[in-house]
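The data block below is target-v4.cif; it holds mmCIF, C-alpha atoms.
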```
data_data
#
loop_
_atom_site.label_atom_id
_atom_site.label_comp_id
_atom_site.auth_asym_id
_atom_site.auth_seq_id
_atom_site.Cartn_x
_atom_site.Cartn_y
_atom_site.Cartn_z
CA MET A 1 -1.34 39.71 13.87
CA THR A 2 -0.83 35.94 13.73
CA ALA A 3 -1.42 34.31 10.38
CA VAL A 4 -3.66 31.25 10.27
CA ASP A 5 -1.96 28.05 9.15
CA GLN A 6 -3.59 27.20 5.83
CA THR A 7 -2.90 23.44 6.10
CA THR A 8 -6.20 22.21 7.48
CA LEU A 9 -4.94 18.90 8.80
CA ARG A 10 -2.05 20.54 10.65
CA ARG A 11 -4.48 22.80 12.52
CA ARG A 12 -5.83 19.64 14.12
CA ARG A 13 -4.02 17.44 16.64
CA THR A 14 -0.97 15.52 15.44
CA GLY A 15 1.45 13.05 17.00
CA LEU A 16 0.04 10.64 19.59
CA THR A 17 -3.63 11.56 20.00
CA ALA A 18 -5.03 8.51 21.85
CA ILE A 19 -3.78 5.49 23.79
CA ASP A 20 -5.33 2.77 25.94
CA ARG A 21 -2.23 1.13 27.39
CA ASP A 22 -4.19 -1.85 28.70
CA ARG A 23 -5.65 -2.83 25.34
CA THR A 24 -3.10 -1.79 22.73
CA ALA A 25 -0.85 -4.52 21.34
CA GLY A 26 2.14 -2.26 21.94
CA GLY A 27 5.22 -2.42 19.78
CA TYR A 28 6.72 -0.03 17.25
CA THR A 29 5.19 1.64 14.21
CA LEU A 30 7.11 2.13 10.95
CA PHE A 31 6.13 4.60 8.22
CA ALA A 32 7.70 6.43 5.29
CA PRO A 33 6.00 9.80 4.66
CA GLN A 34 5.28 10.35 0.98
CA THR A 35 6.57 13.92 1.16
CA GLY A 36 9.35 13.18 3.68
CA GLU A 37 12.15 13.16 1.09
CA GLY A 38 13.31 9.65 2.00
CA ARG A 39 12.87 9.78 5.75
CA VAL A 40 11.62 6.55 7.37
CA ASP A 41 10.40 6.82 10.96
CA LEU A 42 9.96 4.26 13.71
CA VAL A 43 7.94 5.43 16.71
CA ASP A 44 7.24 3.65 19.98
CA ILE A 45 3.79 3.13 21.48
CA GLU A 46 4.02 6.52 23.21
CA GLY A 47 4.56 8.21 19.86
CA ASN A 48 8.21 8.97 20.56
CA SER A 49 10.84 8.61 17.87
CA ALA A 50 12.70 5.32 18.35
CA HIS A 51 14.76 5.30 15.16
CA ARG A 52 15.06 7.06 11.81
CA TRP A 53 16.56 6.16 8.45
CA GLN A 54 17.42 8.68 5.74
CA MET A 55 17.16 6.92 2.39
CA PRO A 56 18.72 8.17 -0.87
CA VAL A 57 15.41 8.80 -2.67
CA ARG A 58 11.88 9.70 -1.70
CA PRO A 59 9.51 6.77 -1.15
CA GLY A 60 7.69 5.29 -4.07
CA ARG A 61 5.54 3.35 -1.63
CA ASP A 62 6.38 1.92 1.82
CA ALA A 63 9.16 0.49 3.98
CA VAL A 64 9.19 -2.75 5.98
CA ILE A 65 11.37 -4.46 8.56
CA LEU A 66 12.84 -7.63 7.09
CA PRO A 67 13.33 -10.87 9.04
CA ASN A 68 17.05 -10.08 9.43
CA GLY A 69 16.21 -6.73 11.06
CA ASN A 70 17.18 -4.63 8.06
CA LEU A 71 14.94 -2.13 6.32
CA GLY A 72 13.33 -3.01 2.98
CA TYR A 73 12.54 0.23 1.16
CA ASN A 74 10.39 0.83 -1.92
CA GLY A 75 11.86 4.04 -3.31
CA SER A 76 10.79 6.28 -6.18
CA HIS A 77 13.03 5.89 -9.21
CA ALA A 78 14.35 9.21 -10.45
CA THR A 79 14.03 8.23 -14.11
CA SER A 80 11.00 5.94 -14.08
CA ALA A 81 9.23 5.02 -17.29
CA ALA A 82 6.65 7.87 -17.21
CA LEU A 83 4.02 5.81 -19.02
CA TYR A 84 1.12 8.26 -18.61
CA PRO A 85 0.48 11.59 -16.81
CA ALA A 86 -0.42 10.18 -13.37
CA TRP A 87 2.31 7.49 -13.41
CA ASP A 88 4.62 9.43 -11.08
CA LEU A 89 1.97 9.35 -8.35
CA TRP A 90 2.34 5.62 -7.76
CA HIS A 91 5.51 4.26 -9.29
CA GLY A 92 8.45 3.04 -7.20
CA GLY A 93 11.18 1.06 -8.91
CA ASP A 94 14.21 1.90 -6.74
CA PHE A 95 14.44 -0.78 -4.04
CA TYR A 96 16.95 -0.78 -1.20
CA GLU A 97 17.87 -2.93 1.75
CA ALA A 98 19.52 -0.93 4.53
CA THR A 99 20.96 -1.86 7.90
CA PRO A 100 19.73 -0.10 11.06
CA GLU A 101 22.79 2.13 10.69
CA GLY A 102 21.65 3.12 7.21
CA ASP A 103 24.25 1.22 5.20
CA ILE A 104 22.89 0.06 1.83
CA VAL A 105 23.51 -3.68 1.40
CA TRP A 106 21.30 -4.33 -1.66
CA ARG A 107 19.67 -2.33 -4.43
CA HIS A 108 17.41 -3.27 -7.32
CA GLU A 109 16.03 -0.99 -10.04
CA ASP A 110 13.06 -1.52 -12.34
CA ILE A 111 11.67 1.57 -14.06
CA TYR A 112 8.39 -0.21 -14.85
CA HIS A 113 7.53 -1.02 -11.23
CA HIS A 114 4.43 0.52 -9.69
CA HIS A 115 2.61 0.28 -6.38
CA ASP A 116 3.29 -2.66 -4.09
CA ALA A 117 6.07 -5.18 -3.50
CA HIS A 118 6.47 -8.23 -1.29
CA TRP A 119 9.85 -9.18 0.20
CA LEU A 120 9.99 -12.99 0.16
CA PRO A 121 11.54 -15.15 2.92
CA ASN A 122 14.22 -16.44 0.52
CA GLY A 123 15.48 -12.90 -0.08
CA ASN A 124 13.82 -12.52 -3.47
CA LEU A 125 11.53 -9.61 -4.28
CA LEU A 126 8.04 -9.98 -5.77
CA TYR A 127 6.49 -6.88 -7.31
CA THR A 128 4.22 -5.49 -10.01
CA VAL A 129 5.32 -3.88 -13.26
CA ALA A 130 3.37 -2.21 -16.05
CA ALA A 131 3.45 -3.44 -19.64
CA PRO A 132 1.32 -2.62 -22.72
CA LEU A 133 -1.81 -4.70 -23.04
CA PRO A 134 -1.77 -6.59 -26.38
CA ALA A 135 -4.03 -4.90 -28.92
CA ASP A 136 -6.56 -7.72 -29.05
CA LYS A 137 -6.88 -7.64 -25.26
CA ALA A 138 -6.99 -3.84 -25.15
CA ALA A 139 -9.96 -3.91 -27.52
CA ARG A 140 -11.85 -5.87 -24.86
CA VAL A 141 -11.41 -3.26 -22.10
CA THR A 142 -14.81 -1.89 -21.13
CA GLY A 143 -16.13 0.76 -18.77
CA GLY A 144 -14.22 3.82 -17.66
CA ASP A 145 -14.26 7.10 -19.53
CA PRO A 146 -12.98 6.66 -23.10
CA ARG A 147 -12.68 10.45 -23.44
CA LYS A 148 -9.64 10.19 -21.16
CA ASP A 149 -7.86 7.54 -23.26
CA GLY A 150 -4.33 8.33 -24.33
CA ALA A 151 -3.75 9.63 -27.83
CA ASP A 152 -1.49 6.67 -28.56
CA GLY A 153 -4.29 4.25 -27.68
CA ILE A 154 -2.00 2.21 -25.42
CA ILE A 155 -3.48 0.65 -22.30
CA GLN A 156 -0.97 -0.47 -19.70
CA SER A 157 -1.57 -3.69 -17.83
CA ASP A 158 0.21 -5.68 -15.12
CA ILE A 159 2.91 -8.31 -14.79
CA LEU A 160 3.87 -9.93 -11.51
CA ARG A 161 7.65 -10.28 -11.42
CA GLU A 162 10.08 -12.00 -9.04
CA VAL A 163 13.81 -11.23 -8.97
CA ASN A 164 16.61 -12.85 -7.00
CA ARG A 165 19.45 -11.18 -5.12
CA ALA A 166 21.40 -10.89 -8.35
CA GLY A 167 18.53 -8.91 -9.86
CA GLU A 168 17.69 -11.71 -12.27
CA VAL A 169 14.06 -12.33 -13.20
CA VAL A 170 13.24 -15.84 -11.97
CA TRP A 171 9.47 -15.85 -12.51
CA GLU A 172 6.77 -13.77 -14.22
CA TRP A 173 2.98 -13.89 -14.51
CA ARG A 174 0.99 -11.76 -16.97
CA ILE A 175 -2.50 -10.90 -15.81
CA TRP A 176 -4.01 -10.70 -19.32
CA ASP A 177 -3.19 -14.37 -19.89
CA HIS A 178 -5.61 -15.29 -17.10
CA LEU A 179 -8.26 -12.54 -16.92
CA ASP A 180 -10.48 -11.32 -19.76
CA PRO A 181 -10.77 -7.51 -19.68
CA ALA A 182 -14.40 -7.78 -20.78
CA ASP A 183 -15.20 -9.53 -17.51
CA PHE A 184 -13.50 -6.85 -15.38
CA PRO A 185 -14.86 -3.46 -16.45
CA VAL A 186 -13.12 -0.27 -15.38
CA HIS A 187 -15.10 1.86 -12.94
CA ALA A 188 -16.97 4.83 -14.33
CA ASN A 189 -15.05 8.14 -14.16
CA PHE A 190 -11.66 6.39 -14.39
CA ASP A 191 -9.50 6.77 -17.43
CA ARG A 192 -8.49 3.53 -19.14
CA ARG A 193 -4.75 4.07 -19.27
CA HIS A 194 -4.12 1.15 -16.91
CA TRP A 195 -6.13 -2.06 -16.56
CA PRO A 196 -6.72 -3.42 -13.93
CA MET A 197 -3.87 -1.69 -12.00
CA VAL A 198 -2.61 -4.15 -9.38
CA ASN A 199 -2.02 -1.97 -6.33
CA GLY A 200 -1.33 -4.67 -3.75
CA VAL A 201 0.43 -8.03 -3.67
CA SER A 202 1.09 -10.56 -0.90
CA VAL A 203 1.57 -14.31 -0.49
CA THR A 204 -0.57 -16.60 1.67
CA SER A 205 0.66 -19.40 3.94
CA ASP A 206 -0.36 -21.97 1.29
CA GLY A 207 1.45 -20.15 -1.51
CA LEU A 208 -1.38 -18.28 -3.20
CA MET A 209 -0.62 -14.76 -4.40
CA LEU A 210 -3.21 -12.15 -3.46
CA LEU A 211 -3.59 -9.28 -5.94
CA SER A 212 -5.69 -6.15 -5.47
CA LEU A 213 -7.25 -4.72 -8.64
CA ARG A 214 -7.71 -0.98 -8.22
CA THR A 215 -9.54 0.26 -11.32
CA THR A 216 -12.02 -2.63 -11.40
CA SER A 217 -12.42 -3.15 -7.60
CA GLY A 218 -11.55 -6.70 -6.67
CA VAL A 219 -9.12 -9.16 -5.14
CA VAL A 220 -7.90 -12.31 -6.92
CA ALA A 221 -5.88 -15.26 -5.66
CA VAL A 222 -3.39 -16.83 -8.05
CA ASN A 223 -1.90 -20.32 -7.92
CA ARG A 224 1.77 -19.77 -8.61
CA GLU A 225 2.37 -23.27 -9.95
CA THR A 226 -0.44 -23.28 -12.53
CA GLY A 227 -0.92 -19.55 -13.00
CA ALA A 228 -4.67 -20.01 -12.58
CA VAL A 229 -6.88 -17.52 -10.77
CA VAL A 230 -8.48 -19.72 -8.12
CA TRP A 231 -10.93 -17.19 -6.69
CA HIS A 232 -12.11 -13.62 -7.21
CA VAL A 233 -13.94 -11.25 -4.89
CA GLY A 234 -15.34 -8.29 -6.81
CA PRO A 235 -17.09 -4.92 -6.45
CA GLU A 236 -20.06 -6.50 -4.72
CA VAL A 237 -17.74 -6.75 -1.66
CA VAL A 238 -14.88 -4.25 -2.07
CA ALA A 239 -14.45 -0.78 -3.53
CA GLN A 240 -11.10 0.57 -4.78
CA GLN A 241 -9.36 -1.48 -2.07
CA HIS A 242 -5.65 -1.83 -1.26
CA THR A 243 -3.15 -4.26 0.28
CA PRO A 244 -4.88 -7.63 0.74
CA VAL A 245 -3.13 -9.78 3.35
CA GLU A 246 -3.93 -13.16 4.87
CA THR A 247 -5.01 -13.39 8.50
CA GLU A 248 -3.86 -16.16 10.81
CA GLY A 249 -7.17 -17.96 10.26
CA GLY A 250 -6.77 -17.97 6.48
CA ASN A 251 -9.15 -15.11 5.70
CA VAL A 252 -8.20 -11.95 3.78
CA LEU A 253 -7.89 -8.50 5.33
CA VAL A 254 -8.03 -5.43 3.07
CA PHE A 255 -8.19 -1.67 3.33
CA ASP A 256 -11.49 -1.02 1.58
CA ASN A 257 -11.19 2.59 0.40
CA GLY A 258 -14.86 3.00 -0.48
CA ASN A 259 -14.61 5.11 -3.64
CA LEU A 260 -17.47 4.28 -6.01
CA ARG A 261 -18.89 1.68 -3.63
CA THR A 262 -21.95 -0.04 -5.07
CA GLY A 263 -25.14 1.45 -3.64
CA SER A 264 -23.37 4.22 -1.70
CA THR A 265 -23.52 7.94 -2.42
CA SER A 266 -21.33 8.99 0.54
CA PRO A 267 -17.92 7.30 0.44
CA PHE A 268 -16.24 6.00 3.57
CA SER A 269 -13.44 3.53 4.22
CA ARG A 270 -13.43 0.23 6.11
CA ALA A 271 -11.04 -2.38 7.35
CA LEU A 272 -12.62 -5.49 5.88
CA GLU A 273 -12.03 -9.19 6.50
CA PHE A 274 -13.63 -11.80 4.26
CA ASP A 275 -13.22 -15.52 3.72
CA ARG A 276 -12.21 -17.03 0.40
CA SER A 277 -15.81 -17.23 -0.73
CA GLY A 278 -16.15 -13.47 -0.31
CA ARG A 279 -18.28 -13.66 2.84
CA VAL A 280 -17.50 -10.73 5.14
CA VAL A 281 -16.59 -12.01 8.61
CA TRP A 282 -15.42 -8.77 10.24
CA SER A 283 -15.25 -5.09 9.43
CA TYR A 284 -14.46 -1.77 11.02
CA ALA A 285 -15.91 1.58 10.03
CA ASP A 286 -16.04 4.71 12.12
CA PRO A 287 -19.32 5.18 14.06
CA LEU A 288 -19.62 8.31 11.88
CA PRO A 289 -18.62 6.48 8.70
CA MET A 290 -17.42 9.50 6.70
CA ALA A 291 -14.96 10.36 9.50
CA PHE A 292 -12.73 7.52 8.31
CA PHE A 293 -11.91 7.79 4.62
CA SER A 294 -8.82 7.60 2.46
CA PRO A 295 -9.63 7.92 -1.26
CA TYR A 296 -6.24 6.46 -2.19
CA MET A 297 -3.56 4.23 -0.63
CA GLY A 298 -4.24 2.54 2.72
CA GLY A 299 -3.40 -0.62 4.64
CA CYS A 300 -4.52 -2.99 7.41
CA GLN A 301 -2.59 -5.41 9.59
CA ARG A 302 -3.89 -7.99 12.07
CA LEU A 303 -1.80 -7.73 15.24
CA TRP A 304 -0.58 -10.48 17.57
CA ASN A 305 -3.24 -9.72 20.22
CA GLY A 306 -6.14 -9.80 17.73
CA ASN A 307 -6.36 -6.04 17.27
CA THR A 308 -6.15 -4.49 13.81
CA PHE A 309 -3.70 -1.75 12.86
CA ILE A 310 -4.99 0.61 10.16
CA CYS A 311 -3.28 3.22 8.00
CA GLU A 312 -5.67 5.94 6.80
CA SER A 313 -3.05 6.94 4.29
CA ALA A 314 -4.24 10.16 2.69
CA PHE A 315 -4.48 11.90 6.05
CA GLY A 316 -1.49 10.35 7.79
CA ARG A 317 -3.66 8.78 10.49
CA LEU A 318 -2.41 5.51 11.97
CA PHE A 319 -4.66 3.78 14.48
CA GLU A 320 -5.42 0.49 16.19
CA VAL A 321 -8.83 -1.00 16.93
CA THR A 322 -10.01 -3.99 18.97
CA PRO A 323 -12.13 -6.79 17.44
CA GLU A 324 -15.14 -4.95 18.87
CA GLY A 325 -14.16 -1.77 17.01
CA ALA A 326 -12.85 0.33 19.89
CA VAL A 327 -9.96 2.65 19.02
CA VAL A 328 -7.12 2.01 21.49
CA TRP A 329 -4.24 3.88 19.82
CA GLU A 330 -3.98 6.72 17.35
CA TYR A 331 -1.07 8.66 15.90
CA VAL A 332 -1.23 11.36 13.24
CA ILE A 333 1.97 11.97 11.29
CA PRO A 334 2.98 15.50 12.35
CA ASP A 335 5.18 16.44 9.39
CA PHE A 336 3.68 18.12 6.32
CA ALA A 337 5.20 19.06 2.98
CA ALA A 338 4.20 19.45 -0.64
CA TYR A 339 4.86 16.75 -3.22
CA PRO A 340 7.81 17.57 -5.50
CA GLU A 341 7.19 18.75 -9.04
CA PRO A 342 5.65 17.60 -11.29
CA LEU A 343 3.52 15.67 -8.78
CA ALA A 344 2.39 18.88 -7.11
CA GLN A 345 0.43 19.64 -10.27
CA PHE A 346 -1.68 16.50 -9.76
CA ILE A 347 -1.95 16.50 -5.97
CA THR A 348 -1.84 19.97 -4.47
CA GLY A 349 -1.31 21.25 -0.94
CA GLU A 350 0.84 19.98 1.92
CA HIS A 351 0.60 16.32 2.94
CA ASN A 352 1.42 14.00 5.82
CA SER A 353 0.41 10.91 3.86
CA CYS A 354 2.10 7.52 3.66
CA PHE A 355 1.28 4.57 1.42
CA ARG A 356 1.15 2.09 4.26
CA ALA A 357 2.43 1.69 7.83
CA HIS A 358 3.47 -1.40 9.78
CA ARG A 359 3.47 -2.37 13.47
CA TYR A 360 6.20 -4.62 14.88
CA PRO A 361 6.73 -6.25 18.28
CA ALA A 362 9.98 -5.45 20.08
CA SER A 363 11.17 -8.98 19.30
CA ALA A 364 11.39 -8.04 15.59
CA LEU A 365 13.81 -5.23 16.45
CA PRO A 366 16.51 -6.75 18.70
CA TRP A 367 19.03 -4.23 17.42
CA LEU A 368 16.93 -1.40 18.88
CA LYS A 369 17.52 -2.61 22.44
CA GLU A 370 21.16 -3.25 21.70
CA ARG A 371 21.61 0.29 20.42
CA ALA A 372 19.78 1.72 23.43
CA HIS A 373 22.18 -0.09 25.78
CA GLY A 374 25.25 0.29 23.62
#
```

Show me, as structure tokens, the structure contained in the file I just sent.
Amino acid sequence: MTAVDQTTLRRRRTGLTAIDRDRTAGGYTLFAPQTGEGRVDLVDIEGNSAHRWQMPVRPGRDAVILPNGNLGYNGSHATSAALYPAWDLWHGGDFYEATPEGDIVWRHEDIYHHHDAHWLPNGNLLYTVAAPLPADKAARVTGGDPRKDGADGIIQSDILREVNRAGEVVWEWRIWDHLDPADFPVHANFDRRHWPMVNGVSVTSDGLMLLSLRTTSGVVAVNRETGAVVWHVGPEVVAQQHTPVETEGGNVLVFDNGNLRTGSTSPFSRALEFDRSGRVVWSYADPLPMAFFSPYMGGCQRLWNGNTFICESAFGRLFEVTPEGAVVWEYVIPDFAAYPEPLAQFITGEHNSCFRAHRYPASALPWLKERAHG
């Protein structure tokens, strides 16, 4: 008698599941499985392994290829701050830069880091950290489920922090100095341990910083020089979104998770592009909308041929669509494992998830060709 595999996703097809070689942008796809114990994989357009790194710690979030060809890795700090029960699900705080050979050439630790980070062209690192919301500001937090508040009454909030190669803090921005919690209510059903939980950060070509606000649903743009919030797109457009990035035309592309979307009783995810006024100019949803849904994590990337690369994080599905919405490439991460304790108490089962994935042209990986012909 053959036992049935009890991991539902693994019973379905994994690895390369679809390819249109004439319409895909090609290139290489990088991802760091959340339960891969520090493995970072690079696969070619045929879904074959092109390179692998083994990092010292499991991922906190994602990995990227830096302009110098090295790997930038957002690892999970072994002794992070543990600010509230779910903190371990999304903290990082152990950053590494590694050569293609796996040699560590830089490390930075910050036990208060959570979610995203942005590796700057000058070598500095921009990332989010949690810090207690001042009592007068905490009193202005509205919405959410107060029954889930912590016994200590502390509400964590967010600071944007930049460090140089020496690990020195060279710039900080505190969100509560520029946003009033009363104007950004926490979604119903959420606890209020963390307001507004910045889960994505990037920098535009004109120097604005794009921040994604998870528990209130919204994206804000911040002027670094003045600290002012210059625009805000809220829950009338996005729902529990992640990873806002600028497109070549100056619009903003986000992974719109779809949890608690206004007016919707059946959640589904979208890749969503809007201009700075909040007007939606492009979107992708599955023809059967509920067939594409990640309740947490997620990312989108506009590719060099105009296609969009999407990471449906919770289910390890990485795919590419044309501007018309046709799927031309799909890869499902084939490796499954449980989260380590104590995370397995919060998120059960075996997973092939990753926070975010990235597509790169061969020109961004010159060392790969050199190694192949070495």

Which polymer residues, protein or nucleic acid, are no farther than 12 Å from (4.1, -12.7, -16.1), counting all atoms listed in the file, as a PyMOL selection string? chain A and resi 126-131+157-162+169-178+222+224+227-228

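The gap separating atom CA of Val280 of chain A from atom CA of Glu248 of chain A is 15.7 Å, in Å to one decimal.
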
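Between atom CA of Gly102 of chain A and atom CA of Asp116 of chain A lies a distance of 22.3 Å.
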
Using all atoms listed in the file, which of the listed residues (A:Ser313, A:Thr226, A:Gln156, A:Thr243) sits closest to Asn199 of chain A? A:Thr243

Selection near segment 338-345 of chain A, 12 Å with all atoms listed in the file, sequence-local residues under 6 positions removed, as an MDAnalysis selection string: chainID A and resid 7 33:37 57:60 76 78 82 85:91 351:354

Suppose we keep C-alpha atoms; can you now write the selection as a short mmCIF file (atom, residue, chain, number, x, y, z; two decimals), in the coordinates of the input?
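out_0.cif, written as the output of this step:
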```cif
data_model
loop_
_atom_site.label_atom_id
_atom_site.label_comp_id
_atom_site.auth_asym_id
_atom_site.auth_seq_id
_atom_site.Cartn_x
_atom_site.Cartn_y
_atom_site.Cartn_z
CA THR A 7 -2.90 23.44 6.10
CA PRO A 33 6.00 9.80 4.66
CA GLN A 34 5.28 10.35 0.98
CA THR A 35 6.57 13.92 1.16
CA GLY A 36 9.35 13.18 3.68
CA GLU A 37 12.15 13.16 1.09
CA VAL A 57 15.41 8.80 -2.67
CA ARG A 58 11.88 9.70 -1.70
CA PRO A 59 9.51 6.77 -1.15
CA GLY A 60 7.69 5.29 -4.07
CA SER A 76 10.79 6.28 -6.18
CA ALA A 78 14.35 9.21 -10.45
CA ALA A 82 6.65 7.87 -17.21
CA PRO A 85 0.48 11.59 -16.81
CA ALA A 86 -0.42 10.18 -13.37
CA TRP A 87 2.31 7.49 -13.41
CA ASP A 88 4.62 9.43 -11.08
CA LEU A 89 1.97 9.35 -8.35
CA TRP A 90 2.34 5.62 -7.76
CA HIS A 91 5.51 4.26 -9.29
CA HIS A 351 0.60 16.32 2.94
CA ASN A 352 1.42 14.00 5.82
CA SER A 353 0.41 10.91 3.86
CA CYS A 354 2.10 7.52 3.66
#
```

Taking only C-alpha atoms into account, name the residue in A:Asp256, A:Val186, A:Leu125, A:Gly15 that is nearest to Ser202 of chain A. A:Leu125

Expected selection from the PyMOL selection byres ((chain A and resi 257) around 7), given as a ChimeraX atom specification: /A:239-241,255-256,258-259,268-270,293-296

Taking the file as I've supplied it (selection: the PyMOL selection byres ((chain A and resi 63-68) around 8)), which residues are included? Please answer as number ranges by chain. A: 30-32, 40, 61-62, 69-74, 119, 121, 357-358, 364

Generate all heavy atoms for segment 14-21 of chain A and emit them as a PDB file, in the coordinates of the input.
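Output file result-v4.pdb is given in full below:
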```pdb
ATOM      1  N   THR A  14      -1.878  16.443  16.096  1.00  0.00           N
ATOM      2  CA  THR A  14      -0.970  15.520  15.440  1.00  0.00           C
ATOM      3  C   THR A  14      -0.136  14.815  16.508  1.00  0.00           C
ATOM      4  O   THR A  14      -0.222  15.111  17.694  1.00  0.00           O
ATOM      5  CB  THR A  14      -0.044  16.226  14.436  1.00  0.00           C
ATOM      6  OG1 THR A  14       0.740  17.196  15.129  1.00  0.00           O
ATOM      7  CG2 THR A  14      -0.856  16.910  13.341  1.00  0.00           C
ATOM      8  N   GLY A  15       0.697  13.864  16.061  1.00  0.00           N
ATOM      9  CA  GLY A  15       1.450  13.050  17.000  1.00  0.00           C
ATOM     10  C   GLY A  15       0.529  12.034  17.657  1.00  0.00           C
ATOM     11  O   GLY A  15      -0.496  11.643  17.095  1.00  0.00           O
ATOM     12  N   LEU A  16       0.874  11.588  18.859  1.00  0.00           N
ATOM     13  CA  LEU A  16       0.040  10.640  19.590  1.00  0.00           C
ATOM     14  C   LEU A  16      -1.208  11.358  20.085  1.00  0.00           C
ATOM     15  O   LEU A  16      -1.128  12.309  20.855  1.00  0.00           O
ATOM     16  CB  LEU A  16       0.811  10.054  20.779  1.00  0.00           C
ATOM     17  CG  LEU A  16       0.062   8.984  21.574  1.00  0.00           C
ATOM     18  CD1 LEU A  16      -0.070   7.700  20.764  1.00  0.00           C
ATOM     19  CD2 LEU A  16       0.775   8.707  22.896  1.00  0.00           C
ATOM     20  N   THR A  17      -2.371  10.902  19.636  1.00  0.00           N
ATOM     21  CA  THR A  17      -3.630  11.560  20.000  1.00  0.00           C
ATOM     22  C   THR A  17      -4.508  10.690  20.891  1.00  0.00           C
ATOM     23  O   THR A  17      -5.465  11.198  21.475  1.00  0.00           O
ATOM     24  CB  THR A  17      -4.427  11.930  18.736  1.00  0.00           C
ATOM     25  OG1 THR A  17      -4.694  10.740  17.996  1.00  0.00           O
ATOM     26  CG2 THR A  17      -3.640  12.907  17.873  1.00  0.00           C
ATOM     27  N   ALA A  18      -4.208   9.386  21.005  1.00  0.00           N
ATOM     28  CA  ALA A  18      -5.030   8.510  21.850  1.00  0.00           C
ATOM     29  C   ALA A  18      -4.251   7.248  22.169  1.00  0.00           C
ATOM     30  O   ALA A  18      -3.529   6.718  21.316  1.00  0.00           O
ATOM     31  CB  ALA A  18      -6.334   8.142  21.134  1.00  0.00           C
ATOM     32  N   ILE A  19      -4.403   6.763  23.422  1.00  0.00           N
ATOM     33  CA  ILE A  19      -3.780   5.490  23.790  1.00  0.00           C
ATOM     34  C   ILE A  19      -4.522   4.871  24.968  1.00  0.00           C
ATOM     35  O   ILE A  19      -4.868   5.566  25.935  1.00  0.00           O
ATOM     36  CB  ILE A  19      -2.279   5.671  24.130  1.00  0.00           C
ATOM     37  CG1 ILE A  19      -1.622   4.301  24.393  1.00  0.00           C
ATOM     38  CG2 ILE A  19      -2.081   6.624  25.284  1.00  0.00           C
ATOM     39  CD1 ILE A  19      -0.110   4.362  24.499  1.00  0.00           C
ATOM     40  N   ASP A  20      -4.808   3.596  24.851  1.00  0.00           N
ATOM     41  CA  ASP A  20      -5.330   2.770  25.940  1.00  0.00           C
ATOM     42  C   ASP A  20      -4.255   1.728  26.199  1.00  0.00           C
ATOM     43  O   ASP A  20      -4.170   0.717  25.502  1.00  0.00           O
ATOM     44  CB  ASP A  20      -6.652   2.118  25.530  1.00  0.00           C
ATOM     45  CG  ASP A  20      -7.283   1.285  26.640  1.00  0.00           C
ATOM     46  OD1 ASP A  20      -6.537   0.779  27.495  1.00  0.00           O
ATOM     47  OD2 ASP A  20      -8.518   1.112  26.634  1.00  0.00           O
ATOM     48  N   ARG A  21      -3.412   1.976  27.173  1.00  0.00           N
ATOM     49  CA  ARG A  21      -2.230   1.130  27.390  1.00  0.00           C
ATOM     50  C   ARG A  21      -2.590  -0.294  27.774  1.00  0.00           C
ATOM     51  O   ARG A  21      -1.781  -1.203  27.595  1.00  0.00           O
ATOM     52  CB  ARG A  21      -1.330   1.768  28.450  1.00  0.00           C
ATOM     53  CG  ARG A  21      -0.690   3.083  27.982  1.00  0.00           C
ATOM     54  CD  ARG A  21       0.163   3.733  29.045  1.00  0.00           C
ATOM     55  NE  ARG A  21       0.778   4.962  28.545  1.00  0.00           N
ATOM     56  CZ  ARG A  21       0.161   6.125  28.498  1.00  0.00           C
ATOM     57  NH1 ARG A  21      -1.102   6.226  28.928  1.00  0.00           N
ATOM     58  NH2 ARG A  21       0.776   7.191  28.029  1.00  0.00           N
TER      59      ARG A  21
END
```
